[in-house]
There are 2 protein chains.
Amino acid sequence: MMSGLTLIRDPLEMQRKAESLRASGRRICVVPTMGALHEGHLSLIRIGRTHADTLITTIFVNPTQFAEGEDFERYPRPLTQDVAHAREAGTDILFLPERDAIYPPSFATSVAVEGLTEVLEGKSRPGHFRGVTTIVTKLFHLTKPHFAVFGQKDAQQVAVIRRMVADLNFDVEIIVGPTVRETDGLAMSSRNAYLSPGERRAAPALFQSLKRAETLIAAGERSHDAIVREMQRHIEQNLAGIIDYLSVADCETLRETAEIAPGQSVLVSLAVRFGRTRLIDNTLIRV
Amino acid sequence: MMSGLTLIRDPLEMQRKAESLRASGRRICVVPTMGALHEGHLSLIRIGRTHADTLITTIFVNPTQFAEGEDFERYPRPLTQDVAHAREAGTDILFLPERDAIYPPSFATSVAVEGLTEVLEGKSRPGHFRGVTTIVTKLFHLTKPHFAVFGQKDAQQVAVIRRMVADLNFDVEIIVGPTVRETDGLAMSSRNAYLSPGERRAAPALFQSLKRAETLIAAGERSHDAIVREMQRHIEQNLAGIIDYLSVADCETLRETAEIAPGQSVLVSLAVRFGRTRLIDNTLIRV
């Protein structure tokens with residue numbers, strides 16, 4: 001592990017550096033982030049390190065993946081702290097591009113995945129995944145990775161990026177890191193910073209509702225509606241929020257079916273708004 | 001120059017080969033084609049050779065860039081002849097993927113450029129450029145080129161691909177080869193094969209109308225409408241076809257203005273249908 005960290009802001013400099021690393025036979029792994037790095041991100045960096053000679057962390061709060069009226073402006077940007085965390089976790093190169101260098105005025109191109117992006121997060125956040133797939137394409141071209149690590153916390157993003165990588169023949173292996181949780185079960189998220197103390201105390205109800213779903217499925221429950229009803233009951237009893245969605249879906253196609261099939265792997269996922277915050281969480285269950 | 005030609009059909013094999021070529025320091029140039037190779041394509045291969053250690057020609061009649069009702073089914077596919085021509089012009093690797101290997105049933109991703117694609121060819125051929133930018137993205141990822149050569153004959157395609165390459169940070173240098181013409185001026189095109197003998201005799205009127213535009217501009221004419229009127233007059237006098245468009249536009253933005261500005265580079269372009277054939281041609285003029 002290297003102790004030094006190189007900070008690069010210029011996209012062209014990043015690309016030249018990546019090309020020269022590849023030419024000298026080094027294996028590159030990239031961890032794309034929007035900064036406000038917490039233990040979840042740092043675990044992805046540590047996982048990435050085990051696969052690569054050079055670990056590149058990118059920090060870019062990507063405006064195009066925020067829908068109208070979302071939290072782009074107030075999204076936390078604790079840069080000094082991020083640099084220290086990224087270094088400690090084992091980042092060799094921290095790529096920190098400026099917005100105008102990524103999206104000059106003439107910018108007119110997008111990458112889109114159909115189908116997978118029209119449910120769950122995609123339904124609630126119009127344009128979100130188009131923003132994600134476009135910026136990830138750009139970051140892949142700029143950092144030329146052999147591997148890229150994404151968090152299971154954003155399960156639908158993982159499915160969409162896997163689809164894009166396969167469809168567009170990106171020569172990048174996607175690695176998924178598990179969700180890191182607070183001791184009370186709340187999934188780590190940069191958006192947890194928005195929670196009031198009362199909301200923070202109630203928030204573990206989301207994780208608990210996923211555990212309820214796991215328990216029901218382990219006990220033999222196969223009905224989508226029965227599982228979702230129990231999750232809804234648990235959340236509404238414990239938390240004054242507005243449920244955006246609760247879903248039990250195939251983990252690859254993200255399609256919901258009335259009954260879980262034998263042998264199916266399902267993604268149980270949720271999004272809930274409370275106060276100024278919108279939180280998501282999920283669990284993967286092999287039935 | 002190598003005399004041997006390697007034929008590759010499997011996308012993954014192509015990508016592995018390209019990666020190993022890059023790793024050994026070789027410079028790769030790709031010439032993407034739909035086959036039915038004529039002297040225009042061969043000139044692009046010869047230009048490409050001068051830039052690269054390894055010249056990859058791709059042949060794939062890409063279904064997604066044909067609009068509904070266009071000539072995808074009857075597009076010429078003279079494979080044996082293509083292989084011989086590609087070898088003679090200096091191709092090292094001929095990449096010939098199957099349709100299902102490029103677009104498996106689960107395929108759901110596309111790359112799109114806005115603005116530039118909504119005029120001229122894009123207006124007449126809905127979805128055409130989305131098909132082009134998506135397949136070119138895939139071919140770039142599979143052949144990992146340092147350079148790619150496209151023909152000036154498809155001037156709007158060149159503008160769209162340049163925009164995509166810049167916007168998505170592809171590390172590929174785009175080289176443009178000049179239009180190759182028959183002795184009577186007709187631009188070489190795989191679609192010329194569709195022309196009846198009578199249509200073939202009349203077809204040079206398209207090129208002549210571009211020369212008329214050049215003469216007018218050289219003589220000081222700056223009005224879009226005056227130039228287009230003269231082109232229209234010449235075509236209608238010499239050819240029983242239906243004019244799809246005649247355009248004098250900025251060569252980068254493809255926007256038409258009433259008057260050509262001093263110092264502007266303009267693209268004079270046209271599309272005309274006659275019988276079962278739709279032909280395009282263009283000329284770049286630095287004013």
# chains A, B, ... in the order shown; residues from 1 in each chain; ligands from 1
$ closest_atom_pairs --of "chain A" --to "chain B" --cutoff "10 Å" --atoms "only C-alpha atoms" --output "JSON lines"
{"residue": "A:Pro11", "atom": "CA", "partner": "B:Asn169", "partner_atom": "CA", "distance": 8.5}
{"residue": "A:Leu12", "atom": "CA", "partner": "B:Asn169", "partner_atom": "CA", "distance": 8.6}
{"residue": "A:Gln15", "atom": "CA", "partner": "B:Asp171", "partner_atom": "CA", "distance": 7.8}
{"residue": "A:Arg16", "atom": "CA", "partner": "B:Asp171", "partner_atom": "CA", "distance": 9.2}
{"residue": "A:Glu19", "atom": "CA", "partner": "B:Asp171", "partner_atom": "CA", "distance": 9.2}
{"residue": "A:Arg22", "atom": "CA", "partner": "B:Ala23", "partner_atom": "CA", "distance": 7.6}
{"residue": "A:Ala23", "atom": "CA", "partner": "B:Ala23", "partner_atom": "CA", "distance": 5.9}
{"residue": "A:Ser24", "atom": "CA", "partner": "B:Ala23", "partner_atom": "CA", "distance": 8.1}
{"residue": "A:Gly25", "atom": "CA", "partner": "B:Ala23", "partner_atom": "CA", "distance": 7.2}
{"residue": "A:Ile102", "atom": "CA", "partner": "B:Asp167", "partner_atom": "CA", "distance": 8.2}
{"residue": "A:Tyr103", "atom": "CA", "partner": "B:Asp167", "partner_atom": "CA", "distance": 7.7}
{"residue": "A:Pro104", "atom": "CA", "partner": "B:Asp167", "partner_atom": "CA", "distance": 8.4}
{"residue": "A:Ser106", "atom": "CA", "partner": "B:Asp167", "partner_atom": "CA", "distance": 8.3}
{"residue": "A:Phe107", "atom": "CA", "partner": "B:Asp167", "partner_atom": "CA", "distance": 5.8}
{"residue": "A:Ala108", "atom": "CA", "partner": "B:Glu114", "partner_atom": "CA", "distance": 5.2}
{"residue": "A:Thr109", "atom": "CA", "partner": "B:Val113", "partner_atom": "CA", "distance": 4.3}
{"residue": "A:Ser110", "atom": "CA", "partner": "B:Ala112", "partner_atom": "CA", "distance": 5.4}
{"residue": "A:Val111", "atom": "CA", "partner": "B:Val111", "partner_atom": "CA", "distance": 4.5}
{"residue": "A:Ala112", "atom": "CA", "partner": "B:Ser110", "partner_atom": "CA", "distance": 5.4}
{"residue": "A:Val113", "atom": "CA", "partner": "B:Thr109", "partner_atom": "CA", "distance": 4.3}
{"residue": "A:Glu114", "atom": "CA", "partner": "B:Ala108", "partner_atom": "CA", "distance": 5.2}
{"residue": "A:Gly115", "atom": "CA", "partner": "B:Ala108", "partner_atom": "CA", "distance": 7.1}
{"residue": "A:Leu116", "atom": "CA", "partner": "B:Ala108", "partner_atom": "CA", "distance": 8.6}
{"residue": "A:Thr133", "atom": "CA", "partner": "B:Thr109", "partner_atom": "CA", "distance": 9.6}
{"residue": "A:Thr134", "atom": "CA", "partner": "B:Leu168", "partner_atom": "CA", "distance": 7.7}
{"residue": "A:Ile135", "atom": "CA", "partner": "B:Leu168", "partner_atom": "CA", "distance": 8.3}
{"residue": "A:Val136", "atom": "CA", "partner": "B:Leu168", "partner_atom": "CA", "distance": 9.6}
{"residue": "A:Thr137", "atom": "CA", "partner": "B:Leu168", "partner_atom": "CA", "distance": 6.7}
{"residue": "A:Lys138", "atom": "CA", "partner": "B:Leu168", "partner_atom": "CA", "distance": 5.0}
{"residue": "A:Leu139", "atom": "CA", "partner": "B:Asn169", "partner_atom": "CA", "distance": 8.3}
{"residue": "A:Phe140", "atom": "CA", "partner": "B:Asn169", "partner_atom": "CA", "distance": 9.0}
{"residue": "A:His141", "atom": "CA", "partner": "B:Phe170", "partner_atom": "CA", "distance": 5.8}
{"residue": "A:Leu142", "atom": "CA", "partner": "B:Asn169", "partner_atom": "CA", "distance": 6.5}
{"residue": "A:Lys144", "atom": "CA", "partner": "B:Asp171", "partner_atom": "CA", "distance": 9.6}
{"residue": "A:Val160", "atom": "CA", "partner": "B:Thr109", "partner_atom": "CA", "distance": 9.5}
{"residue": "A:Arg163", "atom": "CA", "partner": "B:Ala108", "partner_atom": "CA", "distance": 7.6}
{"residue": "A:Met164", "atom": "CA", "partner": "B:Thr109", "partner_atom": "CA", "distance": 6.0}
{"residue": "A:Val165", "atom": "CA", "partner": "B:Thr109", "partner_atom": "CA", "distance": 9.2}
{"residue": "A:Ala166", "atom": "CA", "partner": "B:Phe107", "partner_atom": "CA", "distance": 8.4}
{"residue": "A:Asp167", "atom": "CA", "partner": "B:Phe107", "partner_atom": "CA", "distance": 5.8}
{"residue": "A:Leu168", "atom": "CA", "partner": "B:Lys138", "partner_atom": "CA", "distance": 5.0}
{"residue": "A:Asn169", "atom": "CA", "partner": "B:Lys138", "partner_atom": "CA", "distance": 5.7}
{"residue": "A:Phe170", "atom": "CA", "partner": "B:His141", "partner_atom": "CA", "distance": 5.8}
{"residue": "A:Asp171", "atom": "CA", "partner": "B:His141", "partner_atom": "CA", "distance": 7.0}
{"residue": "A:Thr253", "atom": "CA", "partner": "B:Ser106", "partner_atom": "CA", "distance": 9.7}
$ select_by_dssp --residues "range 10-243 of chain A" --states "helix (DSSP H, G or I)" --output "ChimeraX atom specification"
/A:11-23,39-49,63-65,79-89,99-102,116-118,121-124,128-143,152-167,190-194,197-202,204-218,224-238
$ write_last_selection --atoms "C-alpha atoms" --output "CSV table (one decimal), in the first residue's frame"
chain,number,residue,atom,x,y,z
A,11,PRO,CA,-9.5,15.1,-17.0
A,12,LEU,CA,-6.8,15.0,-19.7
A,13,GLU,CA,-4.0,14.7,-17.1
A,14,MET,CA,-6.0,11.8,-15.4
A,15,GLN,CA,-6.4,10.0,-18.8
A,16,ARG,CA,-2.7,10.4,-19.7
A,17,LYS,CA,-1.7,9.1,-16.2
A,18,ALA,CA,-4.1,6.1,-16.5
A,19,GLU,CA,-2.8,5.3,-20.0
A,20,SER,CA,0.8,5.3,-18.8
A,21,LEU,CA,-0.1,3.1,-15.8
A,22,ARG,CA,-1.8,0.6,-18.1
A,23,ALA,CA,1.1,0.7,-20.6
A,39,GLU,CA,-17.1,4.0,6.2
A,40,GLY,CA,-19.2,2.6,3.3
A,41,HIS,CA,-17.0,4.3,0.7
A,42,LEU,CA,-13.8,3.5,2.6
A,43,SER,CA,-14.7,-0.2,2.6
A,44,LEU,CA,-15.1,-0.1,-1.2
A,45,ILE,CA,-11.7,1.5,-1.5
A,46,ARG,CA,-10.2,-1.2,0.7
A,47,ILE,CA,-11.9,-3.9,-1.4
A,48,GLY,CA,-10.6,-2.2,-4.6
A,49,ARG,CA,-7.0,-2.2,-3.2
A,63,PRO,CA,-25.3,17.4,-11.3
A,64,THR,CA,-27.0,15.4,-14.0
A,65,GLN,CA,-28.0,12.5,-11.7
A,79,LEU,CA,-13.2,18.2,0.8
A,80,THR,CA,-10.3,18.3,3.3
A,81,GLN,CA,-11.8,15.4,5.3
A,82,ASP,CA,-12.5,13.4,2.1
A,83,VAL,CA,-8.8,13.7,1.0
A,84,ALA,CA,-7.6,12.5,4.4
A,85,HIS,CA,-10.1,9.6,4.5
A,86,ALA,CA,-9.4,8.6,0.9
A,87,ARG,CA,-5.6,8.5,1.6
A,88,GLU,CA,-6.0,6.5,4.8
A,89,ALA,CA,-8.2,3.9,3.1
A,99,ARG,CA,-17.9,20.6,-13.2
A,100,ASP,CA,-17.0,22.7,-16.3
A,101,ALA,CA,-14.3,20.3,-17.3
A,102,ILE,CA,-16.7,17.4,-17.2
A,116,LEU,CA,-34.1,-1.5,-15.6
A,117,THR,CA,-34.1,2.2,-15.1
A,118,GLU,CA,-37.8,2.7,-15.3
A,121,GLU,CA,-35.3,4.7,-8.1
A,122,GLY,CA,-35.8,5.5,-11.8
A,123,LYS,CA,-39.5,6.0,-11.3
A,124,SER,CA,-39.0,8.3,-8.4
A,128,HIS,CA,-31.2,9.9,-12.4
A,129,PHE,CA,-29.8,6.8,-14.1
A,130,ARG,CA,-29.1,8.5,-17.4
A,131,GLY,CA,-27.0,10.9,-15.4
A,132,VAL,CA,-25.3,7.9,-13.6
A,133,THR,CA,-24.5,5.9,-16.8
A,134,THR,CA,-23.2,9.0,-18.6
A,135,ILE,CA,-20.8,10.0,-15.8
A,136,VAL,CA,-19.7,6.4,-15.2
A,137,THR,CA,-18.9,6.1,-18.9
A,138,LYS,CA,-16.9,9.3,-18.8
A,139,LEU,CA,-15.0,8.2,-15.6
A,140,PHE,CA,-14.3,4.8,-17.1
A,141,HIS,CA,-12.8,6.4,-20.2
A,142,LEU,CA,-10.7,8.9,-18.1
A,143,THR,CA,-9.4,6.3,-15.5
A,152,GLN,CA,-24.6,-2.9,-2.8
A,153,LYS,CA,-26.4,0.0,-1.0
A,154,ASP,CA,-27.2,1.4,-4.5
A,155,ALA,CA,-28.5,-2.0,-5.7
A,156,GLN,CA,-30.4,-0.8,-8.7
A,157,GLN,CA,-27.3,1.3,-9.8
A,158,VAL,CA,-25.3,-1.9,-9.7
A,159,ALA,CA,-27.8,-3.7,-11.9
A,160,VAL,CA,-27.9,-0.7,-14.3
A,161,ILE,CA,-24.1,-0.4,-14.5
A,162,ARG,CA,-23.7,-4.2,-15.0
A,163,ARG,CA,-26.2,-4.0,-17.9
A,164,MET,CA,-24.4,-1.0,-19.5
A,165,VAL,CA,-21.0,-2.6,-19.1
A,166,ALA,CA,-22.2,-5.8,-20.8
A,167,ASP,CA,-24.2,-4.0,-23.5
A,190,SER,CA,-23.9,10.8,3.0
A,191,ARG,CA,-27.6,11.8,3.3
A,192,ASN,CA,-27.8,10.6,6.9
A,193,ALA,CA,-26.2,14.0,7.7
A,194,TYR,CA,-29.6,15.6,6.8
A,197,PRO,CA,-31.8,13.8,16.0
A,198,GLY,CA,-35.4,12.4,16.2
A,199,GLU,CA,-35.4,11.2,12.6
A,200,ARG,CA,-32.0,9.6,13.2
A,201,ARG,CA,-33.4,7.7,16.2
A,202,ALA,CA,-36.3,6.4,14.1
A,204,PRO,CA,-33.2,2.1,11.9
A,205,ALA,CA,-36.9,1.0,11.4
A,206,LEU,CA,-36.0,0.9,7.6
A,207,PHE,CA,-33.3,-1.8,8.2
A,208,GLN,CA,-35.6,-3.6,10.7
A,209,SER,CA,-38.3,-3.8,8.0
A,210,LEU,CA,-35.8,-5.5,5.7
A,211,LYS,CA,-35.0,-8.0,8.5
A,212,ARG,CA,-38.7,-8.6,8.9
A,213,ALA,CA,-38.9,-9.4,5.2
A,214,GLU,CA,-35.9,-11.8,5.5
A,215,THR,CA,-37.6,-13.5,8.5
A,216,LEU,CA,-40.9,-13.9,6.6
A,217,ILE,CA,-39.2,-15.3,3.5
A,218,ALA,CA,-37.1,-17.7,5.7
A,224,HIS,CA,-45.0,-10.1,-2.7
A,225,ASP,CA,-48.0,-8.3,-1.1
A,226,ALA,CA,-47.8,-10.1,2.2
A,227,ILE,CA,-44.1,-9.2,2.6
A,228,VAL,CA,-44.5,-5.6,1.5
A,229,ARG,CA,-47.5,-5.2,3.9
A,230,GLU,CA,-45.5,-6.4,6.9
A,231,MET,CA,-42.6,-4.0,5.9
A,232,GLN,CA,-45.1,-1.1,5.6
A,233,ARG,CA,-46.7,-1.9,9.0
A,234,HIS,CA,-43.3,-1.9,10.7
A,235,ILE,CA,-42.2,1.4,9.1
A,236,GLU,CA,-45.5,3.2,9.8
A,237,GLN,CA,-45.4,2.1,13.4
A,238,ASN,CA,-41.9,3.4,14.0
$ closest_residue --among "A:Asp53, A:Glu68, A:Asp250, A:Glu256" --to "Pro126 in chain A" --atoms "only C-alpha atoms"
A:Glu68
$ closest_residue --among "B:Leu239, B:Val149, B:Val30, B:Ala219" --to "Val176 in chain B" --atoms "only C-alpha atoms"
B:Val149
$ residues_around --residues "Phe95 in chain A" --least-positions-apart "5" --cutoff "9 Å" --atoms "only C-alpha atoms" --output "PDB file with C-alpha atoms, in the first residue's frame"
ATOM      1  CA  THR A   6      -1.713  12.154  -5.971  1.00  0.00           C
ATOM      2  CA  LEU A   7      -4.480  14.661  -6.502  1.00  0.00           C
ATOM      3  CA  ILE A   8      -5.542  15.207 -10.130  1.00  0.00           C
ATOM      4  CA  ARG A   9      -8.129  17.757 -11.234  1.00  0.00           C
ATOM      5  CA  ASP A  10      -7.618  17.892 -15.002  1.00  0.00           C
ATOM      6  CA  PRO A  11      -9.466  15.150 -16.965  1.00  0.00           C
ATOM      7  CA  MET A  14      -6.032  11.843 -15.436  1.00  0.00           C
ATOM      8  CA  ILE A  56      -8.160   5.619  -8.120  1.00  0.00           C
ATOM      9  CA  THR A  57     -10.954   7.237  -6.112  1.00  0.00           C
ATOM     10  CA  THR A  58     -13.051   9.792  -7.970  1.00  0.00           C
ATOM     11  CA  ILE A  59     -15.044  12.504  -6.224  1.00  0.00           C
ATOM     12  CA  PHE A  60     -17.557  14.370  -8.367  1.00  0.00           C
ATOM     13  CA  THR A 143      -9.417   6.343 -15.504  1.00  0.00           C
TER      14      THR A 143
END
$ closest_residue --among "B:Asp92, B:Glu182, B:Glu70, B:Glu252" --to "Ala203 in chain B" --atoms "only C-alpha atoms"
B:Glu182
$ select_by_dssp --residues "range 136-171 of chain A" --states "strand (DSSP E)" --output "list in words"
Phe147, Ala148, Val149, Phe150 and Gly151 of chain A
$ write_last_selection --atoms "N, CA and C atoms" --output "mmCIF file, in the first residue's frame"
data_model
loop_
_atom_site.group_PDB
_atom_site.id
_atom_site.type_symbol
_atom_site.label_atom_id
_atom_site.label_comp_id
_atom_site.auth_asym_id
_atom_site.auth_seq_id
_atom_site.Cartn_x
_atom_site.Cartn_y
_atom_site.Cartn_z
ATOM 1 N N PHE A 147 -10.877 -2.777 -13.029
ATOM 2 C CA PHE A 147 -11.931 -3.077 -12.062
ATOM 3 C C PHE A 147 -12.596 -1.775 -11.605
ATOM 4 N N ALA A 148 -13.872 -1.879 -11.249
ATOM 5 C CA ALA A 148 -14.556 -0.742 -10.626
ATOM 6 C C ALA A 148 -15.412 -1.287 -9.494
ATOM 7 N N VAL A 149 -15.415 -0.571 -8.368
ATOM 8 C CA VAL A 149 -16.165 -1.046 -7.206
ATOM 9 C C VAL A 149 -17.358 -0.125 -6.952
ATOM 10 N N PHE A 150 -18.529 -0.743 -6.786
ATOM 11 C CA PHE A 150 -19.735 -0.009 -6.428
ATOM 12 C C PHE A 150 -20.348 -0.664 -5.197
ATOM 13 N N GLY A 151 -21.178 0.096 -4.472
ATOM 14 C CA GLY A 151 -21.752 -0.411 -3.234
ATOM 15 C C GLY A 151 -23.119 -1.059 -3.459
#
$ residues_around --residues "Val272 in chain A" --least-positions-apart "5" --cutoff "7 Å" --atoms "only C-alpha atoms" --output "PyMOL selection string"
chain A and resi 241-244+278-280
$ write_last_selection --atoms "N, CA and C atoms" --output "mmCIF file, in the first residue's frame"
data_model
loop_
_atom_site.group_PDB
_atom_site.id
_atom_site.type_symbol
_atom_site.label_atom_id
_atom_site.label_comp_id
_atom_site.auth_asym_id
_atom_site.auth_seq_id
_atom_site.Cartn_x
_atom_site.Cartn_y
_atom_site.Cartn_z
ATOM 1 N N GLY A 241 -42.643 8.923 8.286
ATOM 2 C CA GLY A 241 -42.127 9.246 6.955
ATOM 3 C C GLY A 241 -43.131 8.887 5.883
ATOM 4 N N ILE A 242 -42.802 9.231 4.649
ATOM 5 C CA ILE A 242 -43.661 8.890 3.513
ATOM 6 C C ILE A 242 -42.947 7.814 2.700
ATOM 7 N N ILE A 243 -43.607 6.665 2.605
ATOM 8 C CA ILE A 243 -42.994 5.566 1.856
ATOM 9 C C ILE A 243 -43.061 5.870 0.371
ATOM 10 N N ASP A 244 -41.889 5.850 -0.286
ATOM 11 C CA ASP A 244 -41.821 6.099 -1.725
ATOM 12 C C ASP A 244 -42.097 4.782 -2.454
ATOM 13 N N ARG A 278 -34.354 11.759 1.967
ATOM 14 C CA ARG A 278 -34.883 10.566 1.302
ATOM 15 C C ARG A 278 -33.829 9.478 1.462
ATOM 16 N N LEU A 279 -34.209 8.391 2.132
ATOM 17 C CA LEU A 279 -33.250 7.305 2.374
ATOM 18 C C LEU A 279 -33.669 6.045 1.628
ATOM 19 N N ILE A 280 -32.668 5.281 1.172
ATOM 20 C CA ILE A 280 -32.936 3.993 0.542
ATOM 21 C C ILE A 280 -32.171 2.901 1.284
#
